[in-house]
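The next block is model04.tsv, given as TSV, C-alpha atoms and all ligand atoms.
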```tsv
chain	number	residue	atom	x	y	z
A	1	MET	CA	42.90	133.38	87.78
A	2	ASN	CA	44.88	133.75	84.58
A	3	ALA	CA	47.24	131.15	83.09
A	4	GLY	CA	50.35	132.93	84.45
A	5	THR	CA	49.06	132.93	88.05
A	6	SER	CA	48.08	129.26	87.99
A	7	ARG	CA	51.54	128.30	86.58
A	8	ARG	CA	53.22	130.29	89.39
A	9	ARG	CA	51.05	128.50	91.99
A	10	MET	CA	51.89	125.14	90.47
A	11	VAL	CA	55.63	125.94	90.56
A	12	ALA	CA	55.32	127.01	94.22
A	13	LEU	CA	53.48	123.80	95.08
A	14	VAL	CA	56.08	121.63	93.38
A	15	ALA	CA	58.87	123.54	95.14
A	16	ALA	CA	57.15	123.08	98.53
A	17	LEU	CA	56.65	119.38	97.91
A	18	GLY	CA	60.25	119.05	96.78
A	19	GLY	CA	61.42	120.77	99.95
A	20	ALA	CA	59.35	118.46	102.14
A	21	LEU	CA	60.75	115.48	100.27
A	22	ALA	CA	64.30	116.75	100.71
A	23	ILE	CA	63.75	117.18	104.47
A	24	SER	CA	62.34	113.69	104.85
A	25	VAL	CA	65.22	112.21	102.76
A	26	SER	CA	67.89	114.03	104.74
A	27	ALA	CA	66.24	112.89	107.98
A	28	GLN	CA	66.82	109.26	106.92
A	29	PRO	CA	70.03	107.81	108.40
A	30	GLN	CA	72.64	107.35	105.65
A	31	ALA	CA	73.20	103.75	104.60
A	32	PRO	CA	76.72	102.65	105.63
A	33	ILE	CA	79.42	102.05	103.05
A	34	VAL	CA	79.76	98.27	102.93
A	35	ILE	CA	83.21	96.68	102.67
A	36	LYS	CA	83.11	92.98	101.86
A	37	PHE	CA	86.24	91.32	103.27
A	38	SER	CA	86.67	87.80	101.95
A	39	HIS	CA	89.22	85.23	103.12
A	40	VAL	CA	89.84	81.50	103.00
A	41	VAL	CA	90.77	80.48	106.56
A	42	ALA	CA	88.76	79.76	109.70
A	43	THR	CA	87.63	82.55	112.03
A	44	ASP	CA	89.79	81.35	114.93
A	45	THR	CA	93.09	81.85	113.09
A	46	PRO	CA	95.35	84.93	113.21
A	47	LYS	CA	93.83	86.27	109.95
A	48	GLY	CA	90.27	85.37	110.92
A	49	LEU	CA	90.55	87.05	114.32
A	50	ALA	CA	92.31	90.13	112.93
A	51	SER	CA	89.68	90.66	110.23
A	52	GLU	CA	86.92	90.51	112.87
A	53	PHE	CA	88.89	92.95	115.01
A	54	PHE	CA	89.22	95.28	112.01
A	55	ALA	CA	85.46	95.09	111.33
A	56	LYS	CA	84.69	96.04	114.93
A	57	ARG	CA	87.11	98.97	115.07
A	58	ALA	CA	86.03	100.17	111.61
A	59	ALA	CA	82.41	100.42	112.80
A	60	GLU	CA	83.45	102.21	116.00
A	61	LEU	CA	85.90	104.66	114.47
A	62	THR	CA	83.74	105.59	111.46
A	63	LYS	CA	80.72	105.86	113.81
A	64	GLY	CA	78.79	103.43	111.68
A	65	LYS	CA	79.56	105.12	108.35
A	66	ALA	CA	81.42	102.00	107.19
A	67	LYS	CA	80.35	98.41	107.72
A	68	VAL	CA	82.91	95.66	107.18
A	69	GLU	CA	81.33	92.30	106.39
A	70	VAL	CA	83.80	89.45	106.89
A	71	TYR	CA	83.29	86.25	104.88
A	72	ALA	CA	85.60	83.51	106.25
A	73	ASN	CA	86.48	79.98	105.13
A	74	SER	CA	86.20	80.50	101.32
A	75	GLN	CA	82.42	80.93	101.72
A	76	LEU	CA	82.39	83.65	99.04
A	77	TYR	CA	85.46	82.89	96.92
A	78	LYS	CA	88.35	80.45	96.74
A	79	ASP	CA	91.99	81.52	96.34
A	80	LYS	CA	92.13	82.38	92.66
A	81	GLU	CA	88.59	83.68	92.35
A	82	GLU	CA	88.97	86.10	95.24
A	83	MET	CA	91.72	88.05	93.42
A	84	GLU	CA	89.48	88.38	90.37
A	85	ALA	CA	86.53	89.39	92.56
A	86	LEU	CA	88.62	92.17	94.12
A	87	GLN	CA	89.70	93.55	90.76
A	88	LEU	CA	86.12	93.46	89.48
A	89	GLY	CA	84.86	95.17	92.64
A	90	ALA	CA	82.64	92.25	93.76
A	91	VAL	CA	84.50	92.39	97.09
A	92	GLN	CA	86.52	95.31	98.40
A	93	MET	CA	89.08	93.76	100.74
A	94	LEU	CA	91.16	90.56	100.98
A	95	ALA	CA	94.21	89.30	102.83
A	96	PRO	CA	95.76	86.66	100.56
A	97	SER	CA	98.90	84.85	101.49
A	98	LEU	CA	102.04	86.47	100.04
A	99	ALA	CA	102.52	83.22	98.09
A	100	LYS	CA	99.45	83.98	95.99
A	101	PHE	CA	100.45	87.16	94.16
A	102	GLY	CA	102.43	85.46	91.36
A	103	PRO	CA	99.37	84.66	89.23
A	104	LEU	CA	98.46	88.36	89.47
A	105	GLY	CA	101.79	89.19	87.83
A	106	VAL	CA	103.58	90.44	90.95
A	107	LYS	CA	106.17	87.70	91.39
A	108	GLU	CA	108.31	89.68	93.82
A	109	PHE	CA	106.10	88.69	96.76
A	110	GLU	CA	107.38	85.12	96.33
A	111	VAL	CA	110.58	86.32	97.99
A	112	PHE	CA	108.73	85.68	101.28
A	113	ASP	CA	108.42	82.00	100.28
A	114	LEU	CA	112.16	81.42	100.03
A	115	PRO	CA	112.93	78.64	102.52
A	116	PHE	CA	114.72	79.68	105.72
A	117	ILE	CA	115.09	83.33	104.61
A	118	PHE	CA	113.68	84.58	107.94
A	119	ASP	CA	114.95	83.15	111.22
A	120	ASP	CA	112.05	84.46	113.24
A	121	TYR	CA	109.29	87.08	113.39
A	122	LYS	CA	111.83	89.74	114.41
A	123	SER	CA	113.91	89.42	111.26
A	124	LEU	CA	110.74	89.18	109.15
A	125	HIS	CA	109.34	92.41	110.62
A	126	LYS	CA	112.47	94.29	109.53
A	127	VAL	CA	111.14	93.72	106.02
A	128	THR	CA	107.36	93.79	106.40
A	129	GLN	CA	107.31	96.79	108.73
A	130	GLY	CA	110.08	98.68	106.91
A	131	PRO	CA	110.67	100.49	103.59
A	132	LEU	CA	111.19	97.29	101.60
A	133	GLY	CA	107.77	96.01	102.58
A	134	LYS	CA	106.21	99.32	101.56
A	135	GLN	CA	107.97	99.25	98.16
A	136	LEU	CA	106.56	95.81	97.50
A	137	LEU	CA	103.02	96.89	98.40
A	138	ASP	CA	103.36	99.86	96.03
A	139	LYS	CA	103.95	97.43	93.13
A	140	LEU	CA	100.31	96.35	93.40
A	141	GLU	CA	98.98	99.74	92.30
A	142	THR	CA	99.42	99.00	88.58
A	143	LYS	CA	97.01	96.09	89.09
A	144	GLY	CA	94.30	98.34	90.50
A	145	ILE	CA	95.09	97.16	94.03
A	146	LYS	CA	96.23	99.06	97.09
A	147	GLY	CA	98.27	97.24	99.72
A	148	LEU	CA	97.42	98.43	103.21
A	149	ALA	CA	99.36	96.20	105.60
A	150	TYR	CA	101.13	92.93	106.30
A	151	TRP	CA	99.57	90.51	108.76
A	152	ASP	CA	101.50	87.56	110.17
A	153	ASN	CA	100.51	83.98	110.33
A	154	GLY	CA	103.59	81.92	111.05
A	155	PHE	CA	106.28	79.47	110.06
A	156	LYS	CA	105.33	76.39	108.05
A	157	SER	CA	106.02	72.79	108.95
A	158	PHE	CA	105.71	69.65	106.86
A	159	SER	CA	103.02	67.06	107.54
A	160	ALA	CA	102.50	63.76	105.73
A	161	ASN	CA	101.26	60.24	106.07
A	162	LYS	CA	104.84	59.13	106.39
A	163	ALA	CA	107.34	60.10	109.09
A	164	ILE	CA	109.70	62.88	107.97
A	165	ARG	CA	113.08	63.14	109.63
A	166	THR	CA	115.46	63.90	106.77
A	167	PRO	CA	115.17	65.60	103.37
A	168	ALA	CA	115.45	62.12	101.81
A	169	ASP	CA	112.13	61.17	103.46
A	170	MET	CA	110.40	63.69	101.19
A	171	LYS	CA	111.42	61.89	98.03
A	172	GLY	CA	108.47	60.97	95.85
A	173	LEU	CA	105.87	62.46	98.22
A	174	LYS	CA	103.02	64.36	96.57
A	175	LEU	CA	102.69	67.61	98.46
A	176	ARG	CA	100.06	70.31	98.22
A	177	ILE	CA	101.44	73.82	97.85
A	178	GLN	CA	100.08	77.33	97.36
A	179	SER	CA	100.36	78.84	93.88
A	180	SER	CA	103.99	79.98	94.14
A	181	LYS	CA	106.84	79.00	91.83
A	182	VAL	CA	109.25	79.26	94.76
A	183	LEU	CA	107.25	76.66	96.68
A	184	ASP	CA	107.15	74.47	93.59
A	185	GLU	CA	110.95	74.65	93.42
A	186	GLU	CA	111.24	74.03	97.17
A	187	ILE	CA	109.38	70.73	96.93
A	188	ARG	CA	111.33	69.68	93.81
A	189	ALA	CA	114.60	70.44	95.62
A	190	LEU	CA	113.57	67.78	98.15
A	191	GLY	CA	112.62	65.27	95.45
A	192	GLY	CA	108.91	65.66	96.16
A	193	VAL	CA	106.09	66.24	93.69
A	194	PRO	CA	104.41	69.63	94.19
A	195	GLN	CA	100.72	70.06	93.53
A	196	VAL	CA	99.06	73.49	93.54
A	197	MET	CA	95.60	73.38	95.07
A	198	ALA	CA	93.11	75.85	96.54
A	199	PHE	CA	93.20	75.96	100.33
A	200	SER	CA	89.54	74.94	100.59
A	201	GLU	CA	90.31	71.63	98.88
A	202	VAL	CA	93.29	70.51	100.93
A	203	TYR	CA	91.52	68.62	103.72
A	204	GLN	CA	89.69	66.38	101.28
A	205	ALA	CA	92.78	65.85	99.13
A	206	LEU	CA	94.69	64.67	102.21
A	207	GLN	CA	91.82	62.53	103.39
A	208	THR	CA	91.38	60.76	100.07
A	209	GLY	CA	95.10	60.42	99.38
A	210	VAL	CA	95.13	62.70	96.32
A	211	VAL	CA	98.22	64.18	98.01
A	212	ASP	CA	100.42	62.63	100.72
A	213	GLY	CA	101.17	65.75	102.67
A	214	THR	CA	101.48	69.50	102.80
A	215	GLU	CA	103.13	72.45	104.56
A	216	ASN	CA	101.33	74.83	106.90
A	217	PRO	CA	101.64	77.08	109.88
A	218	ILE	CA	100.04	75.06	112.69
A	219	SER	CA	97.04	77.41	112.96
A	220	ASN	CA	95.95	76.47	109.43
A	221	LEU	CA	96.64	72.76	109.94
A	222	TYR	CA	94.64	72.64	113.17
A	223	THR	CA	91.65	74.81	112.24
A	224	GLN	CA	91.11	72.86	109.01
A	225	LYS	CA	91.41	69.59	111.00
A	226	MET	CA	94.23	68.44	108.74
A	227	HIS	CA	95.87	66.85	111.77
A	228	GLU	CA	93.04	64.31	111.70
A	229	VAL	CA	94.08	63.15	108.23
A	230	GLN	CA	97.87	63.42	108.56
A	231	LYS	CA	99.73	60.83	110.63
A	232	TYR	CA	102.95	62.81	111.03
A	233	LEU	CA	103.90	66.43	111.61
A	234	THR	CA	107.53	67.54	111.75
A	235	ILE	CA	108.21	71.00	113.14
A	236	THR	CA	110.57	72.08	110.38
A	237	GLU	CA	109.52	75.77	110.39
A	238	HIS	CA	111.27	75.99	107.04
A	239	GLY	CA	109.41	78.96	105.59
A	240	TYR	CA	107.08	81.83	106.34
A	241	LEU	CA	103.38	82.29	105.58
A	242	GLY	CA	101.83	85.73	106.01
A	243	TYR	CA	99.42	88.09	104.30
A	244	ALA	CA	99.08	91.38	102.50
A	245	VAL	CA	95.82	93.14	103.30
A	246	ILE	CA	94.66	94.60	100.01
A	247	VAL	CA	91.77	96.73	98.74
A	248	ASN	CA	90.35	97.66	95.38
A	249	LYS	CA	92.24	100.91	94.74
A	250	LYS	CA	89.43	102.74	92.95
A	251	PHE	CA	87.06	101.96	95.81
A	252	TRP	CA	89.57	103.04	98.47
A	253	ASP	CA	90.59	106.26	96.73
A	254	GLY	CA	86.91	107.12	96.24
A	255	LEU	CA	86.03	106.90	99.95
A	256	PRO	CA	85.16	110.19	101.69
A	257	ALA	CA	88.11	111.43	103.74
A	258	ASP	CA	86.11	111.19	106.99
A	259	VAL	CA	85.67	107.46	106.35
A	260	ARG	CA	89.07	106.58	104.88
A	261	GLY	CA	91.00	108.22	107.74
A	262	PRO	CA	89.26	106.24	110.51
A	263	LEU	CA	89.54	103.06	108.40
A	264	GLU	CA	93.30	103.61	108.12
A	265	GLN	CA	93.43	103.91	111.90
A	266	ALA	CA	91.34	100.74	112.31
A	267	MET	CA	93.74	98.93	109.94
A	268	LYS	CA	96.74	100.12	111.94
A	269	GLU	CA	95.20	98.76	115.16
A	270	ALA	CA	94.18	95.48	113.48
A	271	THR	CA	97.73	95.05	112.16
A	272	ASP	CA	99.23	95.49	115.64
A	273	TYR	CA	96.68	93.02	116.94
A	274	ALA	CA	97.29	90.45	114.15
A	275	ASN	CA	101.03	90.57	114.60
A	276	LYS	CA	100.69	90.27	118.37
A	277	ILE	CA	98.42	87.21	118.38
A	278	ALA	CA	99.90	85.24	115.45
A	279	LYS	CA	102.60	83.43	117.38
A	280	GLU	CA	100.38	82.92	120.43
A	281	GLN	CA	97.66	81.40	118.26
A	282	ASN	CA	100.08	79.04	116.48
A	283	ASP	CA	101.58	77.96	119.83
A	284	LEU	CA	98.11	77.26	121.25
A	285	ASP	CA	97.16	75.28	118.16
A	286	LEU	CA	100.32	73.17	118.37
A	287	GLU	CA	99.37	72.23	121.90
A	288	ALA	CA	95.86	71.39	120.67
A	289	VAL	CA	97.25	69.18	117.89
A	290	LYS	CA	99.40	67.32	120.42
A	291	LYS	CA	96.45	66.94	122.76
A	292	ALA	CA	94.19	65.60	120.01
A	293	GLY	CA	96.66	62.73	119.61
A	294	ARG	CA	95.76	62.03	115.97
A	295	THR	CA	99.13	62.99	114.52
A	296	GLN	CA	102.59	62.26	115.81
A	297	VAL	CA	104.47	65.53	116.34
A	298	TYR	CA	108.23	65.40	115.87
A	299	VAL	CA	110.63	68.22	116.72
A	300	PRO	CA	113.82	67.77	114.67
A	301	THR	CA	117.21	68.10	116.30
A	302	LYS	CA	119.42	71.07	115.38
A	303	GLU	CA	121.37	68.83	113.00
A	304	GLU	CA	118.23	67.44	111.38
A	305	ARG	CA	116.85	70.93	110.79
A	306	MET	CA	120.22	72.00	109.37
A	307	ALA	CA	120.01	69.17	106.83
A	308	PHE	CA	116.72	70.69	105.56
A	309	LYS	CA	118.31	74.12	105.51
A	310	LYS	CA	121.24	72.88	103.43
A	311	ALA	CA	118.92	71.14	101.00
A	312	LEU	CA	116.62	74.16	100.62
A	313	VAL	CA	118.71	77.33	100.72
A	314	PRO	CA	120.05	76.67	97.16
A	315	VAL	CA	116.48	77.45	96.04
A	316	HIS	CA	117.31	81.13	96.67
A	317	LYS	CA	119.85	81.04	93.85
A	318	THR	CA	117.60	79.06	91.48
A	319	MET	CA	114.81	81.58	91.95
A	320	GLU	CA	116.95	84.69	91.40
A	321	SER	CA	115.89	85.02	87.79
A	322	ARG	CA	112.21	85.00	88.78
A	323	ILE	CA	112.26	87.22	91.85
A	324	GLY	CA	115.28	89.42	91.18
A	325	ALA	CA	118.76	88.97	92.66
A	326	ASP	CA	118.72	92.56	93.93
A	327	LEU	CA	115.51	92.07	95.87
A	328	ILE	CA	116.84	88.89	97.48
A	329	LYS	CA	120.08	90.69	98.39
A	330	SER	CA	118.22	93.60	99.92
A	331	ILE	CA	116.28	91.16	102.12
A	332	TYR	CA	119.56	89.52	103.21
A	333	LYS	CA	120.89	92.98	104.04
A	334	GLU	CA	117.84	93.78	106.15
A	335	THR	CA	117.77	90.47	108.05
A	336	GLY	CA	121.49	89.64	108.18
A	337	PHE	CA	120.93	86.26	106.51
A	338	ASP	CA	124.06	84.92	104.82
A	339	PRO	CA	123.54	81.87	102.58
A	340	GLY	CA	127.32	81.32	102.53
A	341	LYS	CA	127.36	80.67	106.29
A	342	LEU	CA	125.46	77.46	106.78
B	1	LIG	C1	97.10	78.31	102.04
B	1	LIG	O1	96.54	78.29	100.95
B	1	LIG	O2	97.66	77.33	102.53
B	1	LIG	C2	97.10	79.60	102.84
B	1	LIG	O3	97.43	80.65	101.97
B	1	LIG	C3	95.76	79.85	103.45
B	1	LIG	C4	95.78	81.15	104.21
B	1	LIG	O4	95.14	82.09	103.78
B	1	LIG	O5	96.45	81.16	105.26
```

Would you mind giving the structure from this file in structure tokens?
Amino acid sequence: MNAGTSRRRMVALVAALGGALAISVSAQPQAPIVIKFSHVVATDTPKGLASEFFAKRAAELTKGKAKVEVYANSQLYKDKEEMEALQLGAVQMLAPSLAKFGPLGVKEFEVFDLPFIFDDYKSLHKVTQGPLGKQLLDKLETKGIKGLAYWDNGFKSFSANKAIRTPADMKGLKLRIQSSKVLDEEIRALGGVPQVMAFSEVYQALQTGVVDGTENPISNLYTQKMHEVQKYLTITEHGYLGYAVIVNKKFWDGLPADVRGPLEQAMKEATDYANKIAKEQNDLDLEAVKKAGRTQVYVPTKEERMAFKKALVPVHKTMESRIGADLIKSIYKETGFDPGKL
């Protein structure tokens, strides 16, 4: 056997081995694409339940090609860190409250924090499910983020260790807020002292008296057991708290089309689900708070609620320079809200 023949045999052997290797590799099931979805609330909240629903439908519709791992209750990241983690690609999906986009440089989302700007879910959905909502989500793209959907939680009420009936009762109270300049102004308009704090730290801050009170949709108050460390809850429903479901844009755009398409469908279904259960969940949790008997629940009269409205609607004007007068006006146009008619 000359040198040329033995080289040819060697090449043939390597090719055969390579082929066998390729067959055994392609016979291996493909590892799923993992999507880490981090959030800060409990699993039995509107956001917690909707993210689990999304994970289930994502697995079904992609036939196992994508696996959504949900990390609830700030177990991976707290409020501020989770935004950084998304941009760095350490997690792929989040659903932060709309009040938490200011520090990212997208202040326009704080329009959702303006007190009393939405009367109910119906007027809110005109914005979140319409062209205005889409325009706002598109603003995230320059930050390397893609906005996929809006998920509801609900309307916030004040709780404290002091009974709250009138705006004057808020004077001097230290109140925890989310990181939104509009919420800061809201508390100042009532004579309170706002304190920004991560959601995961609120229970302890209330328990130890670092702050006197806070504002929450009831689902957040109840599932974090805040009602056990707050003597009074007044159903003011003075502002909205909801979420934008967001993904790392580079990750999302890089997904194979046969995975992204089914994921978009799963997100659509999860959004319908989230927005269907949000009110039900908050109503159930209010009943549970009442039943627990640890906090006194007060429903203000029409006149009492109007006093809060009159004290807080001027915040819309004060915040024009931050959010944009045009954006605020276009929300009024969509919802029919008229600040002149109080
Ligand atoms: C809060 O910090 O109070 C909320 O944004 C928590 C949440 O995600 O609902």

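Restricting the calculation to only C-alpha atoms, the smallest distance between Arg305 in chain A and any of A:Val202, A:Ile164, A:Leu221, A:Val229 is found for A:Ile164.
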
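Residue nearest ligand LIG 1 (chain B) within the list A:Thr208, A:Ser159, A:Ser97, A:Asn275: A:Ser97 [criterion: smallest interatomic distance, all atoms listed in the file].
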
Closest atom pairs, chain A residues within 7 Å of ligand LIG 1 (chain B), only C-alpha atoms and all ligand atoms, as a Markdown table:
```
| residue | atom | partner | partner_atom | distance |
| --- | --- | --- | --- | --- |
| A:His39 | CA | B:LIG1 | O4 | 6.7 |
| A:Val40 | CA | B:LIG1 | O4 | 5.4 |
| A:Val41 | CA | B:LIG1 | O4 | 5.4 |
| A:Pro96 | CA | B:LIG1 | O4 | 5.6 |
| A:Ser97 | CA | B:LIG1 | O3 | 4.5 |
| A:Ala99 | CA | B:LIG1 | O3 | 6.9 |
| A:Ile177 | CA | B:LIG1 | O2 | 7.0 |
| A:Gln178 | CA | B:LIG1 | O1 | 5.1 |
| A:Ala198 | CA | B:LIG1 | O1 | 6.1 |
| A:Phe199 | CA | B:LIG1 | O1 | 4.1 |
| A:Asn216 | CA | B:LIG1 | O2 | 6.2 |
| A:Asn220 | CA | B:LIG1 | O5 | 6.3 |
```

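Across the model, the gap from CA of Arg176 in chain A to CA of Gln195 in chain A is 4.7 Å.
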
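The two atoms in question, CA of Gly336 in chain A and CA of Glu304 in chain A, are spaced 22.7 Å apart.
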
With all atoms listed in the file as the counted atoms, please give the residues lying no more than 6 Å from range 132-145 of chain A, apart from itself and same-chain residues fewer than 2 positions off, as a tab-separated table (two decimals) with C-alpha atoms, in the frame of the given file.
```tsv
chain	number	residue	atom	x	y	z
A	127	VAL	CA	111.14	93.72	106.02
A	128	THR	CA	107.36	93.79	106.40
A	130	GLY	CA	110.08	98.68	106.91
A	147	GLY	CA	98.27	97.24	99.72
A	247	VAL	CA	91.77	96.73	98.74
A	248	ASN	CA	90.35	97.66	95.38
A	249	LYS	CA	92.24	100.91	94.74
```

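For the atom pair formed by CA of Ile218 in chain A and CA of Leu286 in chain A, the distance is 6.0 Å, given to one decimal.
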
Item to check | Shell around range 258-261 of chain A at 8 Å using only C-alpha atoms, local window under 2 positions removed, as a VMD selection string | outcome: chain A and resid 62 65 to 66 252 255 to 256 263 to 265

Once N, CA, C and O atoms are restored for range 228-243 of chain A, what would the output be as a compact mmCIF listing (two decimals), keeping the file's coordinate frame?
```
# COMPACT_ATOMS: atom_id res chain seq x y z
N GLU A 228 93.83 65.56 111.59
CA GLU A 228 93.04 64.31 111.70
C GLU A 228 93.28 63.39 110.51
O GLU A 228 92.93 62.22 110.54
N VAL A 229 93.85 63.97 109.43
CA VAL A 229 94.08 63.15 108.23
C VAL A 229 95.56 63.14 107.82
O VAL A 229 95.89 62.85 106.68
N GLN A 230 96.43 63.48 108.78
CA GLN A 230 97.87 63.42 108.56
C GLN A 230 98.47 62.69 109.76
O GLN A 230 98.26 63.11 110.91
N LYS A 231 99.21 61.61 109.49
CA LYS A 231 99.73 60.83 110.63
C LYS A 231 100.94 61.48 111.29
O LYS A 231 101.20 61.27 112.46
N TYR A 232 101.70 62.25 110.50
CA TYR A 232 102.95 62.81 111.03
C TYR A 232 103.08 64.30 110.76
O TYR A 232 102.74 64.77 109.66
N LEU A 233 103.61 64.99 111.75
CA LEU A 233 103.90 66.43 111.61
C LEU A 233 105.31 66.65 112.14
O LEU A 233 105.61 66.26 113.26
N THR A 234 106.17 67.26 111.32
CA THR A 234 107.53 67.54 111.75
C THR A 234 107.72 69.05 111.80
O THR A 234 107.48 69.73 110.79
N ILE A 235 108.13 69.54 112.95
CA ILE A 235 108.21 71.00 113.14
C ILE A 235 109.48 71.54 112.46
O ILE A 235 110.48 71.85 113.12
N THR A 236 109.42 71.62 111.15
CA THR A 236 110.57 72.08 110.38
C THR A 236 110.68 73.61 110.38
O THR A 236 111.78 74.15 110.25
N GLU A 237 109.55 74.29 110.46
CA GLU A 237 109.52 75.77 110.39
C GLU A 237 110.49 76.27 109.32
O GLU A 237 111.36 77.10 109.57
N HIS A 238 110.31 75.75 108.12
CA HIS A 238 111.27 75.99 107.04
C HIS A 238 110.92 77.20 106.17
O HIS A 238 111.68 77.55 105.28
N GLY A 239 109.78 77.80 106.42
CA GLY A 239 109.41 78.96 105.59
C GLY A 239 108.28 79.72 106.25
O GLY A 239 107.61 79.22 107.16
N TYR A 240 108.06 80.92 105.74
CA TYR A 240 107.08 81.83 106.34
C TYR A 240 105.78 81.86 105.55
O TYR A 240 105.80 81.75 104.32
N LEU A 241 104.65 82.02 106.25
CA LEU A 241 103.38 82.29 105.58
C LEU A 241 102.71 83.49 106.27
O LEU A 241 102.46 83.46 107.48
N GLY A 242 102.51 84.54 105.49
CA GLY A 242 101.83 85.73 106.01
C GLY A 242 101.01 86.36 104.91
O GLY A 242 100.93 85.82 103.81
N TYR A 243 100.42 87.52 105.21
CA TYR A 243 99.42 88.09 104.30
C TYR A 243 99.68 89.55 103.98
O TYR A 243 100.25 90.28 104.79
```
